[in-house]
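Colleague: run.cif is the file, holding mmCIF, C-alpha atoms:
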```cif
data_data
#
loop_
_atom_site.group_PDB
_atom_site.id
_atom_site.type_symbol
_atom_site.label_atom_id
_atom_site.label_comp_id
_atom_site.auth_asym_id
_atom_site.auth_seq_id
_atom_site.Cartn_x
_atom_site.Cartn_y
_atom_site.Cartn_z
ATOM 1 C CA MET A 1 -56.063 12.333 -43.771
ATOM 2 C CA THR A 2 -55.329 9.680 -46.370
ATOM 3 C CA ASP A 3 -57.300 7.919 -49.055
ATOM 4 C CA ARG A 4 -55.611 4.655 -48.088
ATOM 5 C CA SER A 5 -57.355 2.103 -45.895
ATOM 6 C CA ILE A 6 -55.601 0.649 -42.875
ATOM 7 C CA ALA A 7 -55.217 -2.597 -44.849
ATOM 8 C CA GLN A 8 -53.402 -0.742 -47.637
ATOM 9 C CA ILE A 9 -51.175 1.072 -45.139
ATOM 10 C CA MET A 10 -50.252 -2.200 -43.405
ATOM 11 C CA ALA A 11 -49.302 -3.701 -46.780
ATOM 12 C CA LEU A 12 -46.776 -0.973 -47.642
ATOM 13 C CA ALA A 13 -43.862 -2.449 -45.651
ATOM 14 C CA PRO A 14 -43.222 -5.401 -43.346
ATOM 15 C CA VAL A 15 -42.182 -3.198 -40.427
ATOM 16 C CA ILE A 16 -43.824 -0.049 -39.063
ATOM 17 C CA PRO A 17 -41.218 1.878 -37.045
ATOM 18 C CA VAL A 18 -42.552 2.868 -33.628
ATOM 19 C CA ILE A 19 -40.993 6.286 -33.078
ATOM 20 C CA VAL A 20 -40.467 8.136 -29.803
ATOM 21 C CA ILE A 21 -39.134 11.565 -30.757
ATOM 22 C CA ASP A 22 -37.841 14.246 -28.402
ATOM 23 C CA ARG A 23 -36.632 16.873 -30.868
ATOM 24 C CA VAL A 24 -38.713 18.307 -33.692
ATOM 25 C CA ALA A 25 -35.430 19.085 -35.466
ATOM 26 C CA ASP A 26 -34.866 15.330 -35.858
ATOM 27 C CA ALA A 27 -38.251 14.709 -37.502
ATOM 28 C CA VAL A 28 -37.449 15.345 -41.157
ATOM 29 C CA PRO A 29 -33.989 13.683 -41.282
ATOM 30 C CA LEU A 30 -35.398 10.682 -39.398
ATOM 31 C CA ALA A 31 -38.354 10.334 -41.769
ATOM 32 C CA GLU A 32 -36.074 10.747 -44.793
ATOM 33 C CA ALA A 33 -33.765 7.988 -43.528
ATOM 34 C CA LEU A 34 -36.645 5.574 -42.888
ATOM 35 C CA VAL A 35 -38.295 6.219 -46.255
ATOM 36 C CA ALA A 36 -34.947 5.889 -48.050
ATOM 37 C CA GLY A 37 -34.463 2.552 -46.308
ATOM 38 C CA GLY A 38 -37.804 1.268 -47.556
ATOM 39 C CA LEU A 39 -40.048 1.883 -44.545
ATOM 40 C CA PRO A 40 -42.570 4.560 -45.564
ATOM 41 C CA VAL A 41 -45.152 3.971 -42.801
ATOM 42 C CA LEU A 42 -44.155 5.893 -39.674
ATOM 43 C CA GLU A 43 -45.901 5.685 -36.297
ATOM 44 C CA VAL A 44 -45.062 8.714 -34.162
ATOM 45 C CA THR A 45 -46.030 7.879 -30.592
ATOM 46 C CA LEU A 46 -47.691 10.679 -28.656
ATOM 47 C CA ARG A 47 -45.411 10.160 -25.663
ATOM 48 C CA THR A 48 -43.357 13.357 -25.845
ATOM 49 C CA PRO A 49 -44.118 17.081 -26.071
ATOM 50 C CA ALA A 50 -42.485 17.149 -29.522
ATOM 51 C CA ALA A 51 -44.626 14.379 -31.009
ATOM 52 C CA LEU A 52 -47.412 16.308 -32.747
ATOM 53 C CA ASP A 53 -45.089 18.920 -34.234
ATOM 54 C CA ALA A 54 -42.737 16.149 -35.358
ATOM 55 C CA LEU A 55 -45.632 14.306 -36.988
ATOM 56 C CA THR A 56 -46.619 17.425 -38.922
ATOM 57 C CA ALA A 57 -43.012 17.993 -40.022
ATOM 58 C CA MET A 58 -42.584 14.390 -41.208
ATOM 59 C CA LYS A 59 -45.566 14.721 -43.508
ATOM 60 C CA ALA A 60 -43.467 17.012 -45.718
ATOM 61 C CA VAL A 61 -41.159 14.090 -46.570
ATOM 62 C CA THR A 62 -41.992 12.616 -49.967
ATOM 63 C CA GLY A 63 -43.225 9.049 -49.676
ATOM 64 C CA ALA A 64 -43.845 9.128 -45.930
ATOM 65 C CA VAL A 65 -47.186 7.899 -44.564
ATOM 66 C CA VAL A 66 -47.280 9.347 -41.062
ATOM 67 C CA GLY A 67 -49.586 8.273 -38.265
ATOM 68 C CA ALA A 68 -50.005 8.837 -34.550
ATOM 69 C CA GLY A 69 -49.491 6.123 -31.958
ATOM 70 C CA THR A 70 -50.286 5.867 -28.250
ATOM 71 C CA VAL A 71 -53.656 7.536 -28.891
ATOM 72 C CA LEU A 72 -55.675 6.917 -25.728
ATOM 73 C CA ASP A 73 -58.938 8.856 -26.032
ATOM 74 C CA PRO A 74 -61.081 10.938 -28.406
ATOM 75 C CA ALA A 75 -59.316 14.182 -27.450
ATOM 76 C CA MET A 76 -55.913 12.757 -28.409
ATOM 77 C CA LEU A 77 -57.465 11.408 -31.597
ATOM 78 C CA ALA A 78 -58.741 14.866 -32.507
ATOM 79 C CA GLY A 79 -55.331 16.430 -31.797
ATOM 80 C CA ALA A 80 -53.596 13.851 -33.974
ATOM 81 C CA VAL A 81 -56.040 14.379 -36.846
ATOM 82 C CA ASP A 82 -55.546 18.147 -36.572
ATOM 83 C CA ALA A 83 -51.768 17.612 -36.749
ATOM 84 C CA GLY A 84 -52.221 15.728 -40.015
ATOM 85 C CA ALA A 85 -52.043 12.096 -38.907
ATOM 86 C CA GLU A 86 -52.853 9.725 -41.764
ATOM 87 C CA PHE A 87 -53.660 6.818 -39.477
ATOM 88 C CA ILE A 88 -54.178 6.214 -35.757
ATOM 89 C CA VAL A 89 -52.722 3.493 -33.532
ATOM 90 C CA SER A 90 -53.837 2.879 -29.959
ATOM 91 C CA PRO A 91 -52.505 0.468 -27.322
ATOM 92 C CA GLY A 92 -56.019 -0.763 -26.554
ATOM 93 C CA LEU A 93 -59.629 -0.433 -27.641
ATOM 94 C CA THR A 94 -62.316 1.431 -25.730
ATOM 95 C CA GLU A 95 -65.781 2.095 -27.057
ATOM 96 C CA PRO A 96 -65.448 5.926 -26.907
ATOM 97 C CA LEU A 97 -62.150 5.891 -28.796
ATOM 98 C CA GLY A 98 -63.328 3.264 -31.256
ATOM 99 C CA ARG A 99 -66.529 5.140 -32.058
ATOM 100 C CA ALA A 100 -64.672 8.448 -32.434
ATOM 101 C CA ALA A 101 -62.111 6.885 -34.762
ATOM 102 C CA VAL A 102 -64.750 5.203 -36.921
ATOM 103 C CA ALA A 103 -66.779 8.414 -37.077
ATOM 104 C CA SER A 104 -63.718 10.393 -38.151
ATOM 105 C CA GLY A 105 -63.087 8.037 -41.057
ATOM 106 C CA ILE A 106 -59.368 7.873 -40.352
ATOM 107 C CA PRO A 107 -57.613 4.491 -40.737
ATOM 108 C CA PHE A 108 -57.498 3.030 -37.224
ATOM 109 C CA LEU A 109 -55.348 0.254 -35.743
ATOM 110 C CA PRO A 110 -56.462 -0.439 -32.164
ATOM 111 C CA GLY A 111 -54.547 -2.626 -29.766
ATOM 112 C CA VAL A 112 -55.995 -6.013 -28.788
ATOM 113 C CA ALA A 113 -54.763 -8.792 -26.515
ATOM 114 C CA SER A 114 -57.848 -10.990 -26.085
ATOM 115 C CA ALA A 115 -60.799 -12.472 -27.945
ATOM 116 C CA GLY A 116 -63.081 -9.970 -26.218
ATOM 117 C CA ASP A 117 -60.977 -7.081 -27.532
ATOM 118 C CA ILE A 118 -61.211 -8.434 -31.078
ATOM 119 C CA MET A 119 -64.983 -8.941 -30.799
ATOM 120 C CA ARG A 120 -65.430 -5.353 -29.611
ATOM 121 C CA GLY A 121 -63.490 -4.213 -32.641
ATOM 122 C CA LEU A 122 -65.511 -6.353 -35.013
ATOM 123 C CA ASP A 123 -68.695 -4.904 -33.496
ATOM 124 C CA LEU A 124 -67.414 -1.457 -34.524
ATOM 125 C CA GLY A 125 -66.748 -2.658 -38.060
ATOM 126 C CA LEU A 126 -62.981 -2.989 -37.582
ATOM 127 C CA SER A 127 -60.960 -5.949 -38.848
ATOM 128 C CA HIS A 128 -57.319 -4.828 -38.508
ATOM 129 C CA PHE A 129 -55.683 -4.743 -35.091
ATOM 130 C CA LYS A 130 -52.406 -4.224 -33.277
ATOM 131 C CA PHE A 131 -51.599 -7.305 -31.162
ATOM 132 C CA PHE A 132 -50.072 -5.631 -28.129
ATOM 133 C CA PRO A 133 -47.946 -6.174 -26.130
ATOM 134 C CA ALA A 134 -47.058 -9.055 -28.419
ATOM 135 C CA ALA A 135 -44.107 -10.680 -26.673
ATOM 136 C CA THR A 136 -45.644 -10.624 -23.186
ATOM 137 C CA SER A 137 -49.221 -11.466 -24.237
ATOM 138 C CA GLY A 138 -48.336 -15.038 -25.094
ATOM 139 C CA GLY A 139 -46.272 -14.425 -28.214
ATOM 140 C CA ILE A 140 -46.815 -16.322 -31.444
ATOM 141 C CA PRO A 141 -48.772 -19.239 -29.883
ATOM 142 C CA ALA A 142 -51.251 -16.769 -28.387
ATOM 143 C CA LEU A 143 -51.741 -14.888 -31.648
ATOM 144 C CA LYS A 144 -52.235 -18.140 -33.574
ATOM 145 C CA ALA A 145 -54.888 -19.212 -31.088
ATOM 146 C CA LEU A 146 -56.595 -15.795 -31.134
ATOM 147 C CA ALA A 147 -56.562 -15.539 -34.918
ATOM 148 C CA ALA A 148 -58.107 -18.966 -35.477
ATOM 149 C CA PRO A 149 -61.751 -18.018 -34.701
ATOM 150 C CA PHE A 150 -61.431 -14.662 -36.484
ATOM 151 C CA GLY A 151 -60.468 -15.506 -40.050
ATOM 152 C CA MET A 152 -61.316 -12.004 -41.255
ATOM 153 C CA ALA A 153 -58.955 -10.281 -38.819
ATOM 154 C CA ARG A 154 -55.427 -9.095 -39.606
ATOM 155 C CA PHE A 155 -52.802 -8.158 -37.039
ATOM 156 C CA CYS A 156 -49.728 -5.980 -36.616
ATOM 157 C CA PRO A 157 -47.920 -7.469 -33.601
ATOM 158 C CA THR A 158 -46.042 -4.809 -31.637
ATOM 159 C CA GLY A 159 -44.165 -4.838 -28.342
ATOM 160 C CA GLY A 160 -40.964 -6.760 -27.689
ATOM 161 C CA ILE A 161 -40.440 -7.696 -31.345
ATOM 162 C CA THR A 162 -36.856 -7.592 -32.619
ATOM 163 C CA ALA A 163 -35.081 -7.895 -35.939
ATOM 164 C CA ALA A 164 -34.368 -11.508 -34.976
ATOM 165 C CA SER A 165 -37.943 -12.450 -34.037
ATOM 166 C CA ALA A 166 -39.804 -10.427 -36.686
ATOM 167 C CA PRO A 167 -39.498 -13.004 -39.513
ATOM 168 C CA GLU A 168 -41.279 -15.653 -37.431
ATOM 169 C CA TRP A 169 -44.179 -13.271 -36.807
ATOM 170 C CA LEU A 170 -44.290 -12.183 -40.456
ATOM 171 C CA ALA A 171 -44.544 -15.822 -41.539
ATOM 172 C CA LEU A 172 -48.040 -16.004 -40.006
ATOM 173 C CA ASP A 173 -50.855 -15.633 -42.547
ATOM 174 C CA PRO A 174 -52.835 -12.971 -40.627
ATOM 175 C CA VAL A 175 -49.723 -10.806 -40.045
ATOM 176 C CA PRO A 176 -48.963 -8.401 -42.928
ATOM 177 C CA CYS A 177 -46.577 -6.331 -40.811
ATOM 178 C CA VAL A 178 -45.069 -5.868 -37.355
ATOM 179 C CA GLY A 179 -44.363 -2.776 -35.308
ATOM 180 C CA GLY A 180 -40.872 -2.268 -33.978
ATOM 181 C CA SER A 181 -38.797 0.306 -32.169
ATOM 182 C CA TRP A 182 -35.421 -1.306 -32.979
ATOM 183 C CA VAL A 183 -35.235 0.549 -36.311
ATOM 184 C CA VAL A 184 -34.903 3.886 -34.476
ATOM 185 C CA PRO A 185 -32.384 3.314 -31.671
ATOM 186 C CA PRO A 186 -32.499 5.645 -28.653
ATOM 187 C CA GLY A 187 -29.939 8.396 -28.350
ATOM 188 C CA PRO A 188 -28.699 11.037 -30.786
ATOM 189 C CA LEU A 189 -30.092 10.569 -34.295
ATOM 190 C CA ASP A 190 -27.742 8.819 -36.745
ATOM 191 C CA PRO A 191 -29.565 8.950 -40.103
ATOM 192 C CA ALA A 192 -27.116 6.607 -41.841
ATOM 193 C CA ARG A 193 -27.580 3.999 -39.115
ATOM 194 C CA VAL A 194 -31.371 4.369 -39.233
ATOM 195 C CA GLU A 195 -31.390 3.969 -43.011
ATOM 196 C CA ALA A 196 -29.259 0.822 -42.749
ATOM 197 C CA LEU A 197 -31.563 -0.659 -40.097
ATOM 198 C CA ALA A 198 -34.575 0.286 -42.218
ATOM 199 C CA ARG A 199 -33.131 -1.503 -45.248
ATOM 200 C CA GLU A 200 -32.630 -4.648 -43.173
ATOM 201 C CA ALA A 201 -36.177 -4.402 -41.817
ATOM 202 C CA ALA A 202 -37.684 -3.782 -45.256
ATOM 203 C CA ALA A 203 -36.106 -7.035 -46.440
ATOM 204 C CA LEU A 204 -37.636 -9.134 -43.641
ATOM 205 C CA ARG A 205 -40.827 -10.141 -45.431
ATOM 206 C CA PRO A 206 -40.518 -13.939 -45.788
#
```
Let's see the structure in the file written out as structure tokens.
Modeller:
Amino acid sequence: MTDRSIAQIMALAPVIPVIVIDRVADAVPLAEALVAGGLPVLEVTLRTPAALDALTAMKAVTGAVVGAGTVLDPAMLAGAVDAGAEFIVSPGLTEPLGRAAVASGIPFLPGVASAGDIMRGLDLGLSHFKFFPAATSGGIPALKALAAPFGMARFCPTGGITAASAPEWLALDPVPCVGGSWVVPPGPLDPARVEALAREAAALRP
């Protein structure tokens, strides 16, 4: 658990790496490379058997703020909290998950793609959301239109965002950061390459 709010976490860097990790042995060198490159906020997606152990291992890296992504229900939330997640990201927002996350007190970034999603979040006392899947949910015009009635809301667009398109998203007032998988390319881990990509991403804030 962390003393930081989700707003503070989202302000730490312009890009949150979305990490799919298959080998726990890669966790620490990967986290070290990302932090060294200026991206301290790490979202470990719960899509592989190694994810929770990798999350726990990454927390040992100085400067890393490690959260769990692809959290789908209260049971996964509880498992992520037990593993030491400092924040929670979900692809969507259901009432059971939302209530469990709020009750736990952990910083929570639920996925939204419609005005109804945002209103459900606001009803739960949430104001920070993941706009997902960003590129296929109407892109920047859609987010601009969605954000207009909800001046208090802030968004981390994720899904289909690239190093080339990220600056345009980050130029939007309600977008403090974006989520991206391009910083951690698939295949065998190359820490030097990851650190270089992280440095480029950390410099994207307009």
Colleague: Mind working out the centre and edge lengths of an axis-aligned box for segment 141-157 of chain A, all listed atoms inside, 8 Å added to each side, rounded to one decimal in Å and written as lines of an AutoDock Vina configuration file?
Modeller:
```
center_x = -54.8
center_y = -12.6
center_z = -34.8
size_x = 29.8
size_y = 29.3
size_z = 28.9
```
Colleague: Expand the PyMOL selection byres ((chain A and resi 172) around 12) into the explicit residue set it covers here, and present it as a compact mmCIF listing (two decimals) with C-alpha atoms, in the coordinates of the input.
Modeller:
```
# COMPACT_ATOMS: atom_id res chain seq x y z
CA ILE A 140 -46.82 -16.32 -31.44
CA PRO A 141 -48.77 -19.24 -29.88
CA LEU A 143 -51.74 -14.89 -31.65
CA LYS A 144 -52.24 -18.14 -33.57
CA ALA A 145 -54.89 -19.21 -31.09
CA ALA A 147 -56.56 -15.54 -34.92
CA ALA A 148 -58.11 -18.97 -35.48
CA ARG A 154 -55.43 -9.10 -39.61
CA PHE A 155 -52.80 -8.16 -37.04
CA CYS A 156 -49.73 -5.98 -36.62
CA PRO A 157 -47.92 -7.47 -33.60
CA ALA A 166 -39.80 -10.43 -36.69
CA PRO A 167 -39.50 -13.00 -39.51
CA GLU A 168 -41.28 -15.65 -37.43
CA TRP A 169 -44.18 -13.27 -36.81
CA LEU A 170 -44.29 -12.18 -40.46
CA ALA A 171 -44.54 -15.82 -41.54
CA ASP A 173 -50.86 -15.63 -42.55
CA PRO A 174 -52.84 -12.97 -40.63
CA VAL A 175 -49.72 -10.81 -40.04
CA PRO A 176 -48.96 -8.40 -42.93
CA CYS A 177 -46.58 -6.33 -40.81
CA VAL A 178 -45.07 -5.87 -37.35
CA ARG A 205 -40.83 -10.14 -45.43
CA PRO A 206 -40.52 -13.94 -45.79
```
Colleague: Neighbours of Ser181 of chain A within 10 Å (all atoms listed in the file; same-chain residues fewer than 4 positions away dropped), as a ChimeraX atom specification?
Modeller: /A:15-20,43,158-163,185-186
Colleague: Show me as a ChimeraX atom specification the residues that reach within 8 Å of (-37.7, 14.3, -29.1), counting all atoms listed in the file and using the file's own coordinates.
Modeller: /A:20-24,26,48-51
Colleague: Tell me which residues the PyMOL selection byres ((chain A and resi 109) around 8) grabs here, as a VMD selection string.
Modeller: chain A and resid 6 87 to 90 107 to 108 110 to 111 128 to 130
Colleague: Just the selected residues (C-alpha atoms), exported as an mmCIF file, keeping the file's coordinate frame, please.
Modeller:
```cif
data_model
loop_
_atom_site.group_PDB
_atom_site.id
_atom_site.type_symbol
_atom_site.label_atom_id
_atom_site.label_comp_id
_atom_site.auth_asym_id
_atom_site.auth_seq_id
_atom_site.Cartn_x
_atom_site.Cartn_y
_atom_site.Cartn_z
ATOM 1 C CA ILE A 6 -55.601 0.649 -42.875
ATOM 2 C CA PHE A 87 -53.660 6.818 -39.477
ATOM 3 C CA ILE A 88 -54.178 6.214 -35.757
ATOM 4 C CA VAL A 89 -52.722 3.493 -33.532
ATOM 5 C CA SER A 90 -53.837 2.879 -29.959
ATOM 6 C CA PRO A 107 -57.613 4.491 -40.737
ATOM 7 C CA PHE A 108 -57.498 3.030 -37.224
ATOM 8 C CA PRO A 110 -56.462 -0.439 -32.164
ATOM 9 C CA GLY A 111 -54.547 -2.626 -29.766
ATOM 10 C CA HIS A 128 -57.319 -4.828 -38.508
ATOM 11 C CA PHE A 129 -55.683 -4.743 -35.091
ATOM 12 C CA LYS A 130 -52.406 -4.224 -33.277
#
```
Colleague: For Thr62 of chain A, which of A:Phe150, A:Val41, A:Arg47, A:Ala80 is the closest residue, counting only C-alpha atoms?
Modeller: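 Ranked by minimum distance to Thr62 of chain A, first place goes to A:Val41.
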Colleague: Residues within 10 Å of Leu34 of chain A, please, as a ChimeraX atom specification. Count only C-alpha atoms; anything in the same chain fewer than 4 positions from it doesn't count.
Modeller: /A:16-17,28-30,38-42,64,183-184,191-199,202
Colleague: Please write as a ChimeraX atom specification the full residue list that the PyMOL selection byres ((chain A and resi 70) around 8) yields on this file.
Modeller: /A:45-47,68-69,71-72,89-91
Colleague: What separation in Å, quoted to one decimal, exists between atom CA of Ala13 of chain A and atom CA of Lys59 of chain A?
Modeller: 17.4 Å
Colleague: Would you list the contacts of Asp82 of chain A as a short mmCIF file (atom, residue, chain, number, x, y, z; two decimals) with C-alpha atoms, in the coordinates of the input, taking every protein, DNA or RNA residue within 12 Å and counting only C-alpha atoms, but skipping same-chain residues closer than 4 positions in sequence?
Modeller:
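Heads up, here's the output in selection_0.cif:
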```cif
data_model
loop_
_atom_site.label_atom_id
_atom_site.label_comp_id
_atom_site.auth_asym_id
_atom_site.auth_seq_id
_atom_site.Cartn_x
_atom_site.Cartn_y
_atom_site.Cartn_z
CA MET A 1 -56.06 12.33 -43.77
CA LEU A 52 -47.41 16.31 -32.75
CA ASP A 53 -45.09 18.92 -34.23
CA LEU A 55 -45.63 14.31 -36.99
CA THR A 56 -46.62 17.42 -38.92
CA GLY A 67 -49.59 8.27 -38.26
CA ALA A 68 -50.00 8.84 -34.55
CA ALA A 75 -59.32 14.18 -27.45
CA MET A 76 -55.91 12.76 -28.41
CA LEU A 77 -57.46 11.41 -31.60
CA ALA A 78 -58.74 14.87 -32.51
CA GLU A 86 -52.85 9.72 -41.76
CA PHE A 87 -53.66 6.82 -39.48
CA SER A 104 -63.72 10.39 -38.15
CA ILE A 106 -59.37 7.87 -40.35
#
```
Colleague: What is the distance between atom CA of Ala142 of chain A and atom CA of Ile9 of chain A, in Å to one decimal?
Modeller: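 Going from atom CA of Ala142 of chain A over to atom CA of Ile9 of chain A, I get 24.5 Å.
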Colleague: Quick one, how far is atom CA of Ala153 of chain A from atom CA of Gly121 of chain A?
Modeller: 9.8 Å
Colleague: Restricting the calculation to all atoms listed in the file: of A:Met152, A:Arg4, A:Leu146, A:Leu97, which residue gets closest to Leu122 of chain A?
Modeller: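 So, comparing all the options, the nearest one is A:Met152.
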Colleague: What would segment 175-185 of chain A look like with all heavy atoms in place, written as a PDB file, keeping the file's coordinate frame?
Modeller:
```
ATOM      1  N   VAL A 175     -50.652 -11.863 -40.468  1.00  0.00           N
ATOM      2  CA  VAL A 175     -49.723 -10.806 -40.045  1.00  0.00           C
ATOM      3  C   VAL A 175     -49.053 -10.178 -41.272  1.00  0.00           C
ATOM      4  O   VAL A 175     -48.046 -10.696 -41.766  1.00  0.00           O
ATOM      5  CB  VAL A 175     -48.658 -11.354 -39.071  1.00  0.00           C
ATOM      6  CG1 VAL A 175     -47.632 -10.275 -38.722  1.00  0.00           C
ATOM      7  CG2 VAL A 175     -49.320 -11.875 -37.799  1.00  0.00           C
ATOM      8  N   PRO A 176     -49.605  -9.065 -41.790  1.00  0.00           N
ATOM      9  CA  PRO A 176     -48.963  -8.401 -42.928  1.00  0.00           C
ATOM     10  C   PRO A 176     -47.753  -7.560 -42.535  1.00  0.00           C
ATOM     11  O   PRO A 176     -46.914  -7.244 -43.375  1.00  0.00           O
ATOM     12  CB  PRO A 176     -50.072  -7.515 -43.495  1.00  0.00           C
ATOM     13  CG  PRO A 176     -50.986  -7.257 -42.342  1.00  0.00           C
ATOM     14  CD  PRO A 176     -50.918  -8.483 -41.473  1.00  0.00           C
ATOM     15  N   CYS A 177     -47.684  -7.181 -41.248  1.00  0.00           N
ATOM     16  CA  CYS A 177     -46.577  -6.331 -40.811  1.00  0.00           C
ATOM     17  C   CYS A 177     -46.438  -6.438 -39.298  1.00  0.00           C
ATOM     18  O   CYS A 177     -47.322  -6.941 -38.618  1.00  0.00           O
ATOM     19  CB  CYS A 177     -46.814  -4.865 -41.212  1.00  0.00           C
ATOM     20  SG  CYS A 177     -48.294  -4.134 -40.468  1.00  0.00           S
ATOM     21  N   VAL A 178     -45.288  -5.960 -38.799  1.00  0.00           N
ATOM     22  CA  VAL A 178     -45.069  -5.868 -37.355  1.00  0.00           C
ATOM     23  C   VAL A 178     -44.670  -4.436 -37.028  1.00  0.00           C
ATOM     24  O   VAL A 178     -44.205  -3.687 -37.893  1.00  0.00           O
ATOM     25  CB  VAL A 178     -43.974  -6.840 -36.857  1.00  0.00           C
ATOM     26  CG1 VAL A 178     -44.350  -8.282 -37.152  1.00  0.00           C
ATOM     27  CG2 VAL A 178     -42.611  -6.510 -37.473  1.00  0.00           C
ATOM     28  N   GLY A 179     -44.843  -4.065 -35.785  1.00  0.00           N
ATOM     29  CA  GLY A 179     -44.363  -2.776 -35.308  1.00  0.00           C
ATOM     30  C   GLY A 179     -43.091  -2.982 -34.518  1.00  0.00           C
ATOM     31  O   GLY A 179     -42.973  -3.959 -33.771  1.00  0.00           O
ATOM     32  N   GLY A 180     -42.129  -2.080 -34.700  1.00  0.00           N
ATOM     33  CA  GLY A 180     -40.872  -2.268 -33.978  1.00  0.00           C
ATOM     34  C   GLY A 180     -40.158  -0.971 -33.709  1.00  0.00           C
ATOM     35  O   GLY A 180     -40.153  -0.070 -34.552  1.00  0.00           O
ATOM     36  N   SER A 181     -39.550  -0.893 -32.537  1.00  0.00           N
ATOM     37  CA  SER A 181     -38.797   0.306 -32.169  1.00  0.00           C
ATOM     38  C   SER A 181     -37.311   0.148 -32.445  1.00  0.00           C
ATOM     39  O   SER A 181     -36.556   1.123 -32.341  1.00  0.00           O
ATOM     40  CB  SER A 181     -39.020   0.629 -30.687  1.00  0.00           C
ATOM     41  OG  SER A 181     -38.660  -0.477 -29.879  1.00  0.00           O
ATOM     42  N   TRP A 182     -36.859  -1.086 -32.808  1.00  0.00           N
ATOM     43  CA  TRP A 182     -35.421  -1.306 -32.979  1.00  0.00           C
ATOM     44  C   TRP A 182     -34.849  -0.533 -34.167  1.00  0.00           C
ATOM     45  O   TRP A 182     -33.651  -0.295 -34.232  1.00  0.00           O
ATOM     46  CB  TRP A 182     -35.122  -2.799 -33.118  1.00  0.00           C
ATOM     47  CG  TRP A 182     -35.378  -3.369 -34.489  1.00  0.00           C
ATOM     48  CD1 TRP A 182     -34.507  -3.375 -35.545  1.00  0.00           C
ATOM     49  CD2 TRP A 182     -36.573  -4.001 -34.947  1.00  0.00           C
ATOM     50  NE1 TRP A 182     -35.092  -3.986 -36.644  1.00  0.00           N
ATOM     51  CE2 TRP A 182     -36.345  -4.369 -36.302  1.00  0.00           C
ATOM     52  CE3 TRP A 182     -37.813  -4.301 -34.356  1.00  0.00           C
ATOM     53  CZ2 TRP A 182     -37.324  -5.013 -37.064  1.00  0.00           C
ATOM     54  CZ3 TRP A 182     -38.771  -4.946 -35.110  1.00  0.00           C
ATOM     55  CH2 TRP A 182     -38.531  -5.286 -36.450  1.00  0.00           C
ATOM     56  N   VAL A 183     -35.720  -0.140 -35.109  1.00  0.00           N
ATOM     57  CA  VAL A 183     -35.235   0.549 -36.311  1.00  0.00           C
ATOM     58  C   VAL A 183     -34.764   1.973 -35.981  1.00  0.00           C
ATOM     59  O   VAL A 183     -33.976   2.553 -36.719  1.00  0.00           O
ATOM     60  CB  VAL A 183     -36.342   0.587 -37.381  1.00  0.00           C
ATOM     61  CG1 VAL A 183     -35.799   1.130 -38.696  1.00  0.00           C
ATOM     62  CG2 VAL A 183     -36.921  -0.800 -37.601  1.00  0.00           C
ATOM     63  N   VAL A 184     -35.288   2.528 -34.893  1.00  0.00           N
ATOM     64  CA  VAL A 184     -34.903   3.886 -34.476  1.00  0.00           C
ATOM     65  C   VAL A 184     -34.301   3.780 -33.077  1.00  0.00           C
ATOM     66  O   VAL A 184     -35.001   3.926 -32.070  1.00  0.00           O
ATOM     67  CB  VAL A 184     -36.102   4.847 -34.478  1.00  0.00           C
ATOM     68  CG1 VAL A 184     -35.651   6.259 -34.137  1.00  0.00           C
ATOM     69  CG2 VAL A 184     -36.799   4.834 -35.834  1.00  0.00           C
ATOM     70  N   PRO A 185     -33.002   3.506 -32.982  1.00  0.00           N
ATOM     71  CA  PRO A 185     -32.384   3.314 -31.671  1.00  0.00           C
ATOM     72  C   PRO A 185     -32.446   4.594 -30.837  1.00  0.00           C
ATOM     73  O   PRO A 185     -32.432   5.702 -31.382  1.00  0.00           O
ATOM     74  CB  PRO A 185     -30.933   2.956 -32.005  1.00  0.00           C
ATOM     75  CG  PRO A 185     -30.923   2.586 -33.449  1.00  0.00           C
ATOM     76  CD  PRO A 185     -32.038   3.354 -34.075  1.00  0.00           C
TER      77      PRO A 185
END
```
